[in-house]
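The file my_file_1.cif contains mmCIF, C-alpha atoms:
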```cif
data_upload
#
loop_
_atom_site.label_atom_id
_atom_site.label_comp_id
_atom_site.auth_asym_id
_atom_site.auth_seq_id
_atom_site.Cartn_x
_atom_site.Cartn_y
_atom_site.Cartn_z
CA MET A 648 0.00 0.00 0.00
CA THR A 649 1.30 3.42 -0.85
CA ASN A 650 0.70 6.79 0.66
CA LEU A 651 -0.43 8.72 -2.40
CA PRO A 652 -1.55 12.33 -2.15
CA ALA A 653 -4.78 13.52 -3.72
CA THR A 654 -4.75 15.11 -7.14
CA GLY A 655 -4.73 18.86 -6.73
CA THR A 656 -2.89 18.84 -3.41
CA ALA A 657 -0.97 22.10 -3.15
CA LEU A 658 2.33 22.14 -1.33
CA PRO A 659 3.48 25.06 0.81
CA ALA A 660 5.55 27.52 -1.18
CA TRP A 661 9.28 26.85 -0.85
CA ALA A 662 11.33 30.02 -0.99
CA LEU A 663 15.07 30.43 -1.15
CA HIS A 664 16.48 31.99 2.00
CA THR A 665 18.64 34.33 -0.05
CA PRO A 666 18.31 35.61 -3.61
CA ILE A 667 20.42 33.97 -6.29
CA ASP A 668 23.14 36.50 -6.91
CA ALA A 669 26.21 36.57 -9.14
CA ALA A 670 28.42 35.02 -6.45
CA TRP A 671 26.05 32.09 -6.01
CA VAL A 672 25.91 31.47 -9.76
CA ARG A 673 29.71 31.58 -9.96
CA ARG A 674 29.87 29.01 -7.15
CA TYR A 675 27.42 26.81 -9.05
CA ALA A 676 29.42 27.28 -12.26
CA ALA A 677 32.60 26.16 -10.50
CA ALA A 678 30.96 23.10 -8.97
CA SER A 679 29.11 22.05 -12.11
CA GLY A 680 31.71 22.97 -14.70
CA ASP A 681 29.12 25.07 -16.54
CA ASP A 682 31.11 28.17 -17.42
CA ASN A 683 28.71 29.41 -20.10
CA PRO A 684 29.42 33.17 -20.18
CA LEU A 685 25.68 33.91 -20.27
CA HIS A 686 25.71 32.93 -16.60
CA VAL A 687 28.88 34.57 -15.38
CA ASP A 688 29.86 37.44 -17.69
CA PRO A 689 27.65 40.54 -17.47
CA ALA A 690 29.07 42.12 -20.66
CA ILE A 691 28.50 39.01 -22.78
CA ALA A 692 25.01 38.48 -21.32
CA ARG A 693 24.07 42.09 -22.10
CA ALA A 694 25.49 41.90 -25.62
CA ALA A 695 23.32 38.83 -26.21
CA GLY A 696 20.23 40.80 -25.25
CA PHE A 697 19.75 40.00 -21.57
CA SER A 698 19.70 42.65 -18.86
CA GLY A 699 22.40 40.75 -16.95
CA PRO A 700 23.81 37.27 -16.31
CA ILE A 701 21.12 34.62 -16.20
CA VAL A 702 20.73 31.74 -13.77
CA PRO A 703 21.57 28.36 -15.37
CA GLY A 704 18.47 26.34 -16.17
CA MET A 705 20.11 23.24 -14.75
CA MET A 706 20.54 25.08 -11.46
CA LEU A 707 16.80 25.82 -11.40
CA LEU A 708 16.13 22.12 -11.87
CA GLY A 709 18.53 21.36 -9.02
CA LEU A 710 16.54 23.71 -6.82
CA CYS A 711 13.39 21.86 -7.87
CA GLU A 712 14.94 18.69 -6.47
CA ARG A 713 15.70 20.49 -3.20
CA ALA A 714 12.06 21.57 -2.95
CA ILE A 715 10.89 18.02 -3.70
CA ARG A 716 13.16 16.69 -0.94
CA ALA A 717 11.65 19.25 1.42
CA TRP A 718 8.08 18.36 0.48
CA TYR A 719 8.50 14.58 0.20
CA PRO A 720 11.77 13.62 1.92
CA ASP A 721 11.32 9.88 1.51
CA ALA A 722 9.84 9.72 -1.99
CA GLU A 723 11.76 8.14 -4.82
CA ILE A 724 12.21 10.52 -7.76
CA GLN A 725 11.77 8.56 -10.97
CA ARG A 726 11.74 11.44 -13.41
CA LEU A 727 12.32 15.17 -13.39
CA ALA A 728 11.78 17.26 -16.48
CA GLY A 729 11.66 21.00 -16.86
CA ARG A 730 11.09 23.72 -19.43
CA PHE A 731 12.83 27.03 -18.99
CA LEU A 732 10.29 29.63 -19.98
CA GLN A 733 11.88 32.93 -19.05
CA PRO A 734 15.49 33.83 -18.37
CA VAL A 735 16.13 34.56 -14.70
CA VAL A 736 18.49 37.50 -14.36
CA THR A 737 20.56 37.76 -11.21
CA PRO A 738 19.92 38.77 -8.50
CA ALA A 739 16.68 36.80 -8.26
CA ALA A 740 14.47 35.98 -5.30
CA LEU A 741 12.72 32.80 -6.30
CA THR A 742 9.84 30.82 -4.89
CA LEU A 743 8.92 27.28 -5.86
CA THR A 744 5.35 26.07 -5.68
CA GLY A 745 4.13 22.54 -6.14
CA ARG A 746 0.83 20.88 -6.88
CA VAL A 747 -0.04 17.24 -7.40
CA ALA A 748 -1.05 17.12 -11.06
CA LEU A 749 -1.80 13.43 -11.50
CA VAL A 750 -2.00 10.30 -9.37
CA ASN A 751 -1.39 6.86 -10.82
CA ALA A 752 -2.70 4.47 -8.21
CA MET A 753 -1.87 1.42 -10.33
CA GLU A 754 1.79 2.40 -10.50
CA GLY A 755 1.87 3.86 -7.00
CA THR A 756 3.26 7.11 -8.34
CA PHE A 757 2.20 10.69 -8.74
CA ILE A 758 3.28 13.66 -10.80
CA LEU A 759 4.17 16.84 -9.00
CA ARG A 760 4.10 20.02 -11.06
CA ILE A 761 6.53 22.63 -9.86
CA VAL A 762 6.58 26.28 -10.87
CA VAL A 763 9.67 28.36 -10.27
CA GLY A 764 9.42 32.10 -10.37
CA ALA A 765 9.82 35.45 -8.78
CA PRO A 766 6.81 37.14 -7.17
CA ASN A 767 4.61 38.97 -9.66
CA ALA A 768 6.59 37.68 -12.63
CA PRO A 769 5.79 35.08 -15.28
CA PRO A 770 7.02 31.57 -14.41
CA ALA A 771 10.69 31.03 -15.15
CA CYS A 772 10.53 27.26 -15.13
CA MET A 773 7.87 24.61 -15.05
CA ALA A 774 8.90 21.11 -14.06
CA ASP A 775 7.15 17.79 -13.64
CA ALA A 776 8.48 15.21 -11.24
CA THR A 777 7.30 11.62 -11.10
CA LEU A 778 7.50 10.45 -7.50
CA ARG A 779 6.93 7.18 -5.73
CA PRO A 780 6.19 7.54 -2.03
CA PRO A 781 7.49 4.86 0.33
CA GLN A 782 5.18 1.96 0.89
CA ILE A 783 3.22 1.78 4.11
CA GLY A 784 3.41 -1.30 6.30
CA THR A 785 6.47 -2.89 4.74
CA MET B 189 35.25 5.10 -16.26
CA LEU B 190 34.41 8.01 -13.97
CA ILE B 191 34.44 8.03 -10.19
CA LEU B 192 31.71 10.15 -8.68
CA GLY B 193 33.86 11.89 -6.10
CA ALA B 194 32.25 12.46 -2.72
CA ASP B 195 33.95 15.86 -2.50
CA GLU B 196 32.66 16.82 -5.96
CA ALA B 197 29.14 15.77 -4.98
CA ALA B 198 29.35 17.72 -1.72
CA ALA B 199 30.58 20.81 -3.57
CA PHE B 200 27.76 20.45 -6.09
CA ALA B 201 25.19 20.07 -3.31
CA ASP B 202 26.66 23.10 -1.52
CA ALA B 203 26.39 25.11 -4.73
CA LEU B 204 22.68 24.32 -4.73
CA GLY B 205 22.46 25.61 -1.17
CA SER B 206 22.21 22.24 0.56
CA GLN B 207 24.42 20.85 3.28
CA ARG B 208 22.58 17.52 3.42
CA PRO B 209 25.34 14.96 4.10
CA GLY B 210 25.96 12.40 1.40
CA TRP B 211 23.44 13.90 -1.01
CA VAL B 212 24.29 13.44 -4.68
CA PRO B 213 22.13 15.95 -6.54
CA LEU B 214 20.05 14.35 -9.24
CA ILE B 215 21.51 16.84 -11.73
CA PHE B 216 25.10 15.91 -10.82
CA PRO B 217 25.80 14.16 -14.18
CA ALA B 218 25.55 17.59 -15.81
CA ARG B 219 29.06 18.05 -14.44
CA TRP B 220 30.30 15.45 -16.88
CA LEU B 221 29.14 17.58 -19.79
CA ALA B 222 32.22 19.65 -18.98
CA LEU B 223 34.52 16.75 -19.87
CA PRO B 224 36.87 18.01 -22.59
CA ALA B 225 35.68 15.68 -25.37
CA ILE B 226 32.02 16.46 -24.75
CA ARG B 227 32.64 20.17 -24.32
CA ALA B 228 34.53 20.23 -27.63
CA ALA B 229 31.76 18.38 -29.46
CA VAL B 230 29.10 20.75 -28.16
CA ALA B 231 31.24 23.79 -28.99
CA GLU B 232 31.72 22.58 -32.55
CA LEU B 233 28.12 21.59 -33.23
CA ALA B 234 26.78 24.71 -31.55
CA ASP B 235 29.34 26.96 -33.20
CA LEU B 236 30.03 28.54 -29.84
CA ALA B 237 32.67 30.77 -31.39
CA ASN B 238 29.75 32.74 -32.79
CA GLY B 239 26.88 31.80 -30.52
CA LEU B 240 25.87 31.00 -26.97
CA ALA B 241 23.89 28.04 -25.70
CA LEU B 242 20.60 28.78 -24.00
CA HIS B 243 19.07 25.91 -22.08
CA GLU B 244 15.42 25.35 -23.09
CA THR B 245 14.49 21.92 -21.78
CA GLN B 246 15.99 19.30 -19.50
CA SER B 247 14.86 15.88 -18.36
CA PHE B 248 16.26 13.16 -16.13
CA GLU B 249 15.02 9.59 -15.92
CA ILE B 250 16.33 7.89 -12.83
CA ASP B 251 16.49 4.11 -12.64
CA ALA B 252 18.85 4.12 -9.68
CA PRO B 253 20.29 6.96 -7.63
CA LEU B 254 23.98 7.73 -8.09
CA LEU B 255 26.25 7.03 -5.16
CA PRO B 256 29.37 8.78 -3.91
CA ASN B 257 32.65 7.06 -4.72
CA ALA B 258 31.01 4.67 -7.19
CA ALA B 259 32.34 4.12 -10.74
CA TYR B 260 30.20 5.00 -13.76
CA THR B 261 30.41 5.31 -17.49
CA PHE B 262 29.02 8.41 -19.14
CA THR B 263 27.97 8.27 -22.77
CA ALA B 264 26.66 11.33 -24.57
CA THR B 265 25.17 11.85 -28.01
CA ILE B 266 24.93 15.35 -29.41
CA ARG B 267 23.05 16.27 -32.53
CA ARG B 268 21.78 19.33 -34.27
CA LEU B 269 17.99 19.36 -34.11
CA SER B 270 17.18 22.34 -36.31
CA GLU B 271 18.89 25.19 -38.10
CA ASN B 272 16.57 28.14 -37.79
CA PRO B 273 16.71 28.76 -34.95
CA PRO B 274 19.67 26.50 -34.31
CA ARG B 275 18.94 23.92 -31.67
CA LEU B 276 20.91 21.01 -30.23
CA ILE B 277 19.88 17.93 -28.32
CA VAL B 278 22.28 16.31 -25.88
CA GLN B 279 21.33 12.84 -24.71
CA ALA B 280 23.39 11.04 -22.12
CA VAL B 281 23.37 7.83 -20.15
CA VAL B 282 25.10 7.16 -16.85
CA ALA B 283 25.68 3.45 -16.28
CA THR B 284 27.41 1.29 -13.72
CA ALA B 285 30.64 -0.49 -14.49
CA ASP B 286 28.47 -3.51 -15.32
CA GLY B 287 26.61 -1.54 -17.96
CA ILE B 288 23.38 -1.07 -16.04
CA ALA B 289 21.82 2.29 -16.84
CA CYS B 290 21.18 4.46 -13.79
CA VAL B 291 20.31 7.84 -15.19
CA ARG B 292 19.34 9.00 -18.67
CA PHE B 293 19.05 12.65 -19.45
CA GLN B 294 18.29 14.94 -22.32
CA ALA B 295 19.07 18.61 -22.69
CA GLY B 296 17.57 20.90 -25.30
CA LEU B 297 19.70 23.89 -26.21
CA ARG B 298 18.97 26.85 -28.44
CA ILE B 299 21.91 28.74 -29.87
CA VAL B 300 21.57 32.50 -29.66
CA PRO B 301 23.86 35.01 -31.37
CA ARG B 302 26.54 36.62 -29.25
CA THR B 303 25.27 39.99 -30.34
CA ALA B 304 21.53 40.50 -30.18
CA PRO B 305 19.92 42.07 -33.25
CA PRO B 306 19.20 45.76 -32.71
#
```
I need this file expressed as structure tokens, please.
Amino acid sequence: MTNLPATGTALPAWALHTPIDAAWVRRYAAASGDDNPLHVDPAIARAAGFSGPIVPGMMLLGLCERAIRAWYPDAEIQRLAGRFLQPVVTPAALTLTGRVALVNAMEGTFILRIVVGAPNAPPACMADATLRPPQIGT
Amino acid sequence: MLILGADEAAAFADALGSQRPGWVPLIFPARWLALPAIRAAVAELADLANGLALHETQSFEIDAPLLPNAAYTFTATIRRLSENPPRLIVQAVVATADGIACVRFQAGLRIVPRTAPP
């Protein structure tokens, strides 16, 4: 037996304690090896048409995983897929919200839809995660 | 063969703002896209001398979580998806030394000009 949430369940908003600033992105770039200048070089980002360096999309997906671990610490993540809809220019104060979009009782899984964005701004990223909660009574 | 270094994983987790001990972020294999051979292939196909890669989509399928200090193979395929606008797809598989796939991922990249049109 699994502990599946109900379709439509909304999770409490998960906000970053500090905005993502240039220093944080540089730290991520060093750890991930992603030195794309769009993320770390203000002059190149501006020349390409952005108002400043943009947060790596992969980093946004990594933050989605952190939010999932906060919402469902023991769930198994089977899939995580995201679309990056708007560039996020640093510094950025982001909030992640989650809602159960679909429950598959036969498979014992559910799909959590996560929206990443700044307050009063269009979503920057939408991600779907397929999760399997731990079984009950085993 | 690649060893998923515990220190590398901890640094990656820290860069995502987490100090959870022993956590290997699901996105950790993205680090292996920076391997010289893969980086060179992407740079050539994307013509990064004249453009910049903008991440549009990303997916991970996880058959088994990656573990610190374990050995893995990393195989990537990169292809041009379209020309106008130029887009690339990077598909990769992380497998154990025995060849069992653990993680498959796909990245969709759009190439934007280094100088935006006026």
*Select all residues from chain A having any atom no more than 7 Å from an atom of chain B (counting all atoms listed in the file, ignoring ligands), output as a ChimeraX atom specification.*
/A:674-675,678-681,694-696,704,709-710,725-731
_Selection in question (the file shown): the PyMOL selection byres ((chain A and resi 654) around 10). Which residues does it include, as a PyMOL selection string?_
chain A and resi 651-653+655-657+746-751+757-759
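Taking CA of Val281 in chain B as the reference point, CA of Val763 in chain A is found at 26.6 Å.
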*Quick one: of B:Asn257, B:Ser270, B:Asn238, B:Thr265, who's nearest to Val212 in chain B, counting only C-alpha atoms?*
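Looking only at the distances to Val212 in chain B, the closest residue turns out to be B:Asn257.
Note that CA of Val672 in chain A and CA of Val736 in chain A are 10.6 Å apart.
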*Evaluate the PyMOL selection byres ((chain A and resi 683-690) around 6) here and jot the selected residues down as a ChimeraX atom specification.*
/A:681-682,691-693,699-702
*CA of Pro274 in chain B and CA of Ile299 in chain B are how many Å apart?*
5.5 Å
*Skipping near chain neighbours, those fewer than 2 positions away, what residues fall within 12 Å of Arg268 in chain B using all atoms listed in the file, listed as a ChimeraX atom specification?*
/B:229-235,265-266,270-279,295-299
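Between Leu778 in chain A and the candidates A:Leu732, A:Phe697, A:Asn650, A:Ala740, the tightest atom-to-atom separation, counting only C-alpha atoms, involves A:Asn650.
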